[in-house]
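The structure appears right after this line, and notes come after that.
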Amino acid sequence: MKQRAHMDGDVMIAGFFPLYILHFDRVSSEDSRQGDLTPILKDYQLVLALAFAIEQINKNPSLLHNLTLGFDIYDIQFRGWPLFLNPFIWLFGKYDSPNYSCMRDRRSIAVLTGPSVITSDQIGTLLGLYRYPQFTIGSFDQALSDHSKFPALYQMAKKDTLIITAMVSLLLHFSWNWVGLLTSQNENNGSVLDELKEEMAKNRLCVAYEVVISSQDLQHLYNIMGNYNGINEASARVLIIYGDQDSLKVLMLGIEQILIEGKVCIMNSQWDFTLKRKYFMLGSLHVPLIFTHHYADVSGFTDFVKAIHPSKYPEDFVLAKLWFLSFNCSDSESHCVSWDNCAHDASLDWLPGHIFDMSMSGDSYNIYNAVYAVAQALHELLLHQTEVQALGNRKETVPSPVQLHPLLKSIQFQNPRGDQVILDEKRKLEPDYDILNIWNFPEGLELAVKVGKFSPYAPHGNQLSLSENMVEWAIETTETPHSVCSESCDPGFRKSPQEGKAACCFDCTPCPENEIANGTNKEHCVRCEDHQYANTQRNQCLLRVASFLAFGDPLGMALACIALCFSMLTVAVMRMFVKHQDTAIVKANNRALSYNLLISLIFCFLCSLLFLGRPNRVTCILQQITFGVVFTVAVSTVLAKTVTVVLAFKATSPGRRMRWLLVSGAPNFIIPICTLIQATICGLWLGTSPPFVDTDVHSEHGQVIILCNKGSLTAFYCVLGYLGFLALASFTVAFLARNLPDTFNEAKFLTFSMLVFCSVWLTFLPVYHSAKGKVIVAVEVFSILASGAGLLGCIFAPKCYIILVRPNKNSLHGFRELHSKKIKSFNKKVKKENDSRKQNSLKPSIASEHISDRVNKMPMAVVASPELLEMNKLQYTP
């Protein structure tokens, strides 16, 4: 029983902790200076926390009604039957028969176990038989929550339900989306790992690889290194290690820096980060970020530890041995232990921080709360007994451990620090987490520094707070490590998944035309609205500028000037014709039709102005209707003039009965009939699908083109097709009449004008379909002007030339002289031919016999008006 720490009291609390007392004999003073006592001193802080809490309670007059608490602390081993040695001694004394004890002075009320989950599990099976309240001080484990197996067990640690959220928040903070996972194979870790992968998937974080250490692997270090050495070669520089210290201790001790060289290790609070420097997570080549439950320093604990001395607790044999070994109290010559060899003012405060931490650890804080939970439950039970019966013999009034369970299950109180303590798992509050970083510079410092925290009660988005400048990264590393499968896609690019790989592995593809990605790592590009356009970087939508073929544009101004010039030129030609209306060249081929053609051409040129400027509904309708009707009048007038040429020739020939058609002006009816048909087509167009104002956002970058939509393309092509039909008819008739023998026969000019007209509009169709934006309007305006100019130039230019330059050909006397010369020349040619035939004894040419008839049949001028019919009667004799 000397291998224990003991402090007497009316009510005792037992504790089973791994103090390594049985190994003290193999620890030399030289080893102690090298730091081999580190794990022993670390676990001994649990005893100090227990003593500190009991001392506070015993000094508190408002608790326990003058009862005092004491403790018995026993060392335990991790494996095999030695684990149950000290628990059996505590239960039954030093007897060989279990379940039999002569220890009548039983004062123990509760048991503390831990921090190992394995020891709490195995000891709990034994303690559950006797219904002793068992308080585990290690990390929360779901397996220990089975109340059918552990009916008397209470876990002091809070549940790690938000450890997953905290770790994912840290990954998101550093933009680490390519992460490896390392865990031990057990039921609890398996469920946590599933939750971690699910939470990572929700936040678009990917698992680069997953390593699960089984119990068999832990026994074969060589297999571990052979199977998992590929972790170093993986591109993921971040490794999440989740598991309890017991199951992965072999891995910690064996693999060291070989396995995760240069990695950032994110670990849960179950890891023991104060172990020796040679353990791999503490190496200077690694960056450990450790999540631990947040707890505040308990006031007075540091002063209590500084005042600890073996003389203060003479029954604490563990403290005595640690004191001698830590401060080298033995005589080097006699190897005898003597208090005279120890410094009188020695204190645990003298030990280095990495060997013994003066501040209260998480497990020690759980012991502190467990002692207060026992005291509070015991206090309430004593108050209840006092109300029922008067206080009798103190020994007889010590409650039974079984009586504490109803109170412990519902207990809720505030410890002296002000923190809430609740034993019911369903009502426990979520813990805050501190994020610790191990500083190992200079080499061997191994100082745990708080660099951040995670609070589940903070507003969303502010739960994680981190001081990046305090994090000590790996050696020769000044920047934050980068762990991604693929680099982020800049704005203007979208992510394209790589086939067969994780979602974090992708290629960056530029956004299509008029689509943007205004952030990094966008999966889809967003199309800009119709009134907007994408900038060249494809990361912002800009407002389009309204554009149309305006009068102020160079192209619009040029087309408008051309249209006005041709209109004024047509007006000038008409004035010339009116001024010389009595001349033969004007009277020929129907003067009225010439006037009608000139007027229609004026409107043809002017209608092109409707296509310029900002379109509206009225101008869109007038554009096509005016164009169709006015050009129909012009082309039908040309057709009428062509028919007039043919009728005039036929009507003046002997034996013809078509004179009445020419005299009655029948060709003039062609114009209204043709125009009426075109007006009917336009009316149907307006009634079914009229033109309307439309926009074109695709033709020109950064501009929205405002133009007139034809409405019905079928109706538009019907209008053009009808015009083409009239032009083709005029061309055909004029072509057939081009060689009629007439002085003023304009059939050749009409033929050429229709050839130009048809060529312009046939060229218009493919250009119109290939053009975009404002060019469409310009093409149509140019076609109108070109076709109108072709009609004006081909038909009226020769007549203007005769009127202005050759006026002698524009009179009756001139006509007669011209015909006389032609006839004389013709007669000489015929006479010469006949003389030649007589010399050769041939019959005279028929030309000499019928010369008068041929001259009589040849009209001097083709006319279409009655006043010129007399001119056609003029005949000449040979």
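FYI, nothing fancy with the structure tokens labels: chains A, B, ... in order, residues from 1 per chain, ligands from 1 as they appear.
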If we count only C-alpha atoms and set the cut-off at 8 Å, which residues sit around region 424-431 of chain A, ignoring sequence neighbours fewer than 6 positions away in its own chain? Please answer as a PyMOL selection string. chain A and resi 158-162+293-294+409-411+455-456
Let's have the selection written as an mmCIF file, in the first residue's frame, with C-alpha atoms.
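Written output follows (part-v7.cif):
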```cif
data_model
loop_
_atom_site.group_PDB
_atom_site.id
_atom_site.type_symbol
_atom_site.label_atom_id
_atom_site.label_comp_id
_atom_site.auth_asym_id
_atom_site.auth_seq_id
_atom_site.Cartn_x
_atom_site.Cartn_y
_atom_site.Cartn_z
ATOM 1 C CA LYS A 158 -17.694 17.312 -23.038
ATOM 2 C CA LYS A 159 -18.745 15.639 -26.259
ATOM 3 C CA ASP A 160 -16.680 16.400 -29.331
ATOM 4 C CA THR A 161 -19.718 16.844 -31.530
ATOM 5 C CA LEU A 162 -18.328 20.019 -33.083
ATOM 6 C CA HIS A 293 -11.145 21.888 -25.043
ATOM 7 C CA HIS A 294 -11.012 25.419 -23.783
ATOM 8 C CA LYS A 409 -27.680 12.180 -12.911
ATOM 9 C CA SER A 410 -29.566 15.437 -12.413
ATOM 10 C CA ILE A 411 -26.850 17.581 -10.876
ATOM 11 C CA SER A 455 -16.491 28.971 -30.316
ATOM 12 C CA PRO A 456 -19.767 27.335 -31.406
#
```
Run DSSP on the backbone and tell me which residues of region 576-726 of chain A come out as alpha helix (DSSP H); list them as an NGL selection string. :A and (576-579 or 584-587 or 591-607 or 617-652 or 659-663 or 670-688 or 713-726)
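Separating CA of Leu542 (chain A) from CA of Ala771 (chain A) is a distance of 25.0 Å.
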Contacts of Phe551 (chain A) at 6 Å (only C-alpha atoms; same-chain gap of 5+ positions) as number ranges by chain: A: 556-557, 613
Residues as selected, N, CA, C and O atoms, written as a tab-separated table (two decimals), in the first residue's frame, can you do that?
```tsv
chain	number	residue	atom	x	y	z
A	556	GLY	N	-23.82	56.84	-92.00
A	556	GLY	CA	-25.18	57.39	-92.13
A	556	GLY	C	-25.17	58.73	-92.83
A	556	GLY	O	-26.05	59.03	-93.67
A	557	MET	N	-24.20	59.56	-92.51
A	557	MET	CA	-24.11	60.87	-93.15
A	557	MET	C	-23.83	60.73	-94.64
A	557	MET	O	-24.42	61.44	-95.48
A	613	GLY	N	-31.32	57.02	-88.56
A	613	GLY	CA	-31.83	57.53	-87.29
A	613	GLY	C	-32.32	56.41	-86.39
A	613	GLY	O	-32.31	55.22	-86.75
```
Choose the residue, out of A:Leu67, A:Val630, A:Leu351, A:Ala474, that has the smallest atom-to-atom separation from Trp439 (chain A); count only C-alpha atoms. A:Ala474
Excluding same-chain residues fewer than 5 positions from Ala51 (chain A), what lies within 12 Å of it counting only C-alpha atoms, as a ChimeraX atom specification? /A:5-9,12-15,44-46,56-58,69-73,301,304-305,308,312-313,316,319,364,367-368,371-372
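In this model, the gap between CA of Ser62 (chain A) and CA of Asn415 (chain A) comes to 13.8 Å.
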Correct to one decimal, the distance CA of Leu622 (chain A)-CA of Gly793 (chain A) is 26.5 Å
Just the residues within 10 Å of Thr632 (chain A), please, counting only C-alpha atoms, with nothing from its chain fewer than 5 positions along; format it as a VMD selection string. chain A and resid 600 604 626 to 627 637 to 638 671 to 672 674 to 679 719 to 720 722 to 724 726 to 727
From A:Gly262, A:Gly418, A:Pro133, A:Gly243, residue lying nearest Gln403 (chain A) [only C-alpha atoms]: A:Pro133
Per residue of region 489-562 of chain A within 8 Å of region 699-703 of chain A, what are the shortest atom pair and its distance in Å to one decimal, counting only C-alpha atoms, with rows by chain and residue number, as a Markdown table?
```
| residue | atom | partner | partner_atom | distance |
| --- | --- | --- | --- | --- |
| A:Gln532 | CA | A:Gly702 | CA | 7.4 |
| A:Tyr533 | CA | A:Gly702 | CA | 5.5 |
| A:Ala534 | CA | A:Gly702 | CA | 7.7 |
| A:Leu542 | CA | A:Gly702 | CA | 7.6 |
| A:Leu543 | CA | A:Gly702 | CA | 7.5 |
| A:Arg544 | CA | A:Gln703 | CA | 4.7 |
| A:Val545 | CA | A:Gln703 | CA | 4.7 |
| A:Ala546 | CA | A:Gln703 | CA | 5.9 |
| A:Ser547 | CA | A:Gln703 | CA | 6.2 |
```
For the residues selected in the previous step, produce a file with all heavy atoms as a PDB file, in the first residue's frame.
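What landed in part.pdb:
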```pdb
ATOM      1  N   GLN A 532     -26.425  44.124 -71.275  1.00  0.00           N
ATOM      2  CA  GLN A 532     -25.067  44.150 -70.764  1.00  0.00           C
ATOM      3  C   GLN A 532     -24.168  43.290 -71.651  1.00  0.00           C
ATOM      4  O   GLN A 532     -24.643  42.487 -72.460  1.00  0.00           O
ATOM      5  CB  GLN A 532     -25.009  43.627 -69.318  1.00  0.00           C
ATOM      6  CG  GLN A 532     -25.781  44.478 -68.322  1.00  0.00           C
ATOM      7  CD  GLN A 532     -25.754  43.865 -66.934  1.00  0.00           C
ATOM      8  OE1 GLN A 532     -25.699  42.641 -66.782  1.00  0.00           O
ATOM      9  NE2 GLN A 532     -25.792  44.702 -65.918  1.00  0.00           N
ATOM     10  N   TYR A 533     -22.870  43.443 -71.452  1.00  0.00           N
ATOM     11  CA  TYR A 533     -21.907  42.637 -72.186  1.00  0.00           C
ATOM     12  C   TYR A 533     -20.724  42.363 -71.270  1.00  0.00           C
ATOM     13  O   TYR A 533     -20.459  43.093 -70.317  1.00  0.00           O
ATOM     14  CB  TYR A 533     -21.455  43.338 -73.467  1.00  0.00           C
ATOM     15  CG  TYR A 533     -20.567  44.546 -73.239  1.00  0.00           C
ATOM     16  CD1 TYR A 533     -19.186  44.456 -73.341  1.00  0.00           C
ATOM     17  CD2 TYR A 533     -21.124  45.783 -72.918  1.00  0.00           C
ATOM     18  CE1 TYR A 533     -18.383  45.554 -73.128  1.00  0.00           C
ATOM     19  CE2 TYR A 533     -20.327  46.893 -72.705  1.00  0.00           C
ATOM     20  CZ  TYR A 533     -18.956  46.777 -72.809  1.00  0.00           C
ATOM     21  OH  TYR A 533     -18.162  47.864 -72.596  1.00  0.00           O
ATOM     22  N   ALA A 534     -20.017  41.264 -71.558  1.00  0.00           N
ATOM     23  CA  ALA A 534     -18.870  40.869 -70.740  1.00  0.00           C
ATOM     24  C   ALA A 534     -17.626  41.622 -71.201  1.00  0.00           C
ATOM     25  O   ALA A 534     -17.400  41.801 -72.402  1.00  0.00           O
ATOM     26  CB  ALA A 534     -18.646  39.363 -70.853  1.00  0.00           C
ATOM     27  N   LEU A 542     -20.830  44.783 -68.240  1.00  0.00           N
ATOM     28  CA  LEU A 542     -20.910  46.224 -68.427  1.00  0.00           C
ATOM     29  C   LEU A 542     -22.159  46.567 -69.230  1.00  0.00           C
ATOM     30  O   LEU A 542     -22.653  45.750 -70.018  1.00  0.00           O
ATOM     31  CB  LEU A 542     -19.670  46.745 -69.157  1.00  0.00           C
ATOM     32  CG  LEU A 542     -18.319  46.398 -68.525  1.00  0.00           C
ATOM     33  CD1 LEU A 542     -17.193  46.906 -69.399  1.00  0.00           C
ATOM     34  CD2 LEU A 542     -18.214  46.980 -67.119  1.00  0.00           C
ATOM     35  N   LEU A 543     -22.666  47.776 -69.019  1.00  0.00           N
ATOM     36  CA  LEU A 543     -23.858  48.217 -69.732  1.00  0.00           C
ATOM     37  C   LEU A 543     -23.518  48.448 -71.203  1.00  0.00           C
ATOM     38  O   LEU A 543     -22.506  49.055 -71.542  1.00  0.00           O
ATOM     39  CB  LEU A 543     -24.406  49.508 -69.114  1.00  0.00           C
ATOM     40  CG  LEU A 543     -25.079  49.362 -67.747  1.00  0.00           C
ATOM     41  CD1 LEU A 543     -25.482  50.729 -67.212  1.00  0.00           C
ATOM     42  CD2 LEU A 543     -26.298  48.458 -67.841  1.00  0.00           C
ATOM     43  N   ARG A 544     -24.356  47.945 -72.083  1.00  0.00           N
ATOM     44  CA  ARG A 544     -24.169  48.163 -73.507  1.00  0.00           C
ATOM     45  C   ARG A 544     -24.560  49.576 -73.897  1.00  0.00           C
ATOM     46  O   ARG A 544     -25.453  50.176 -73.296  1.00  0.00           O
ATOM     47  CB  ARG A 544     -25.010  47.172 -74.311  1.00  0.00           C
ATOM     48  CG  ARG A 544     -24.567  45.725 -74.172  1.00  0.00           C
ATOM     49  CD  ARG A 544     -25.435  44.837 -75.040  1.00  0.00           C
ATOM     50  NE  ARG A 544     -25.070  43.441 -74.921  1.00  0.00           N
ATOM     51  CZ  ARG A 544     -24.166  42.846 -75.678  1.00  0.00           C
ATOM     52  NH1 ARG A 544     -23.533  43.541 -76.602  1.00  0.00           N
ATOM     53  NH2 ARG A 544     -23.887  41.565 -75.516  1.00  0.00           N
ATOM     54  N   VAL A 545     -23.929  50.097 -74.938  1.00  0.00           N
ATOM     55  CA  VAL A 545     -24.256  51.416 -75.483  1.00  0.00           C
ATOM     56  C   VAL A 545     -25.221  51.216 -76.642  1.00  0.00           C
ATOM     57  O   VAL A 545     -24.962  50.412 -77.558  1.00  0.00           O
ATOM     58  CB  VAL A 545     -22.986  52.138 -75.955  1.00  0.00           C
ATOM     59  CG1 VAL A 545     -23.322  53.487 -76.564  1.00  0.00           C
ATOM     60  CG2 VAL A 545     -22.020  52.295 -74.793  1.00  0.00           C
ATOM     61  N   ALA A 546     -26.351  51.933 -76.599  1.00  0.00           N
ATOM     62  CA  ALA A 546     -27.335  51.835 -77.677  1.00  0.00           C
ATOM     63  C   ALA A 546     -26.733  52.373 -78.965  1.00  0.00           C
ATOM     64  O   ALA A 546     -26.124  53.449 -79.003  1.00  0.00           O
ATOM     65  CB  ALA A 546     -28.596  52.611 -77.312  1.00  0.00           C
ATOM     66  N   SER A 547     -26.869  51.611 -80.038  1.00  0.00           N
ATOM     67  CA  SER A 547     -26.259  51.992 -81.312  1.00  0.00           C
ATOM     68  C   SER A 547     -27.247  51.745 -82.441  1.00  0.00           C
ATOM     69  O   SER A 547     -28.011  50.766 -82.417  1.00  0.00           O
ATOM     70  CB  SER A 547     -24.971  51.199 -81.541  1.00  0.00           C
ATOM     71  OG  SER A 547     -24.400  51.522 -82.782  1.00  0.00           O
TER      72      SER A 547
END
```
Region 683-689 of chain A surroundings by only C-alpha atoms, 10 Å radius, close-in-sequence under 2 positions cut, as a PyMOL selection string: chain A and resi 621+624-625+677-681+691-692+710-716+718-719
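Neighbours of Asn521 (chain A) closer than or equal to 7 Å, with only C-alpha atoms counted and sequence neighbours fewer than 4 positions away skipped, come out as Ser488, Cys489, Asp490, Arg494 and Lys495 of chain A.
Using only C-alpha atoms, the shortest contact distance between Glu55 (chain A) and any of A:Ala375, A:His769, A:Phe725, A:Ala152 is found at A:Ala375.
Comparing the minimum interatomic distances between Glu487 (chain A) and each of A:Asp507, A:Glu198, A:Asp146, A:Asp419, counting only C-alpha atoms, we find that A:Asp507 sits nearest.
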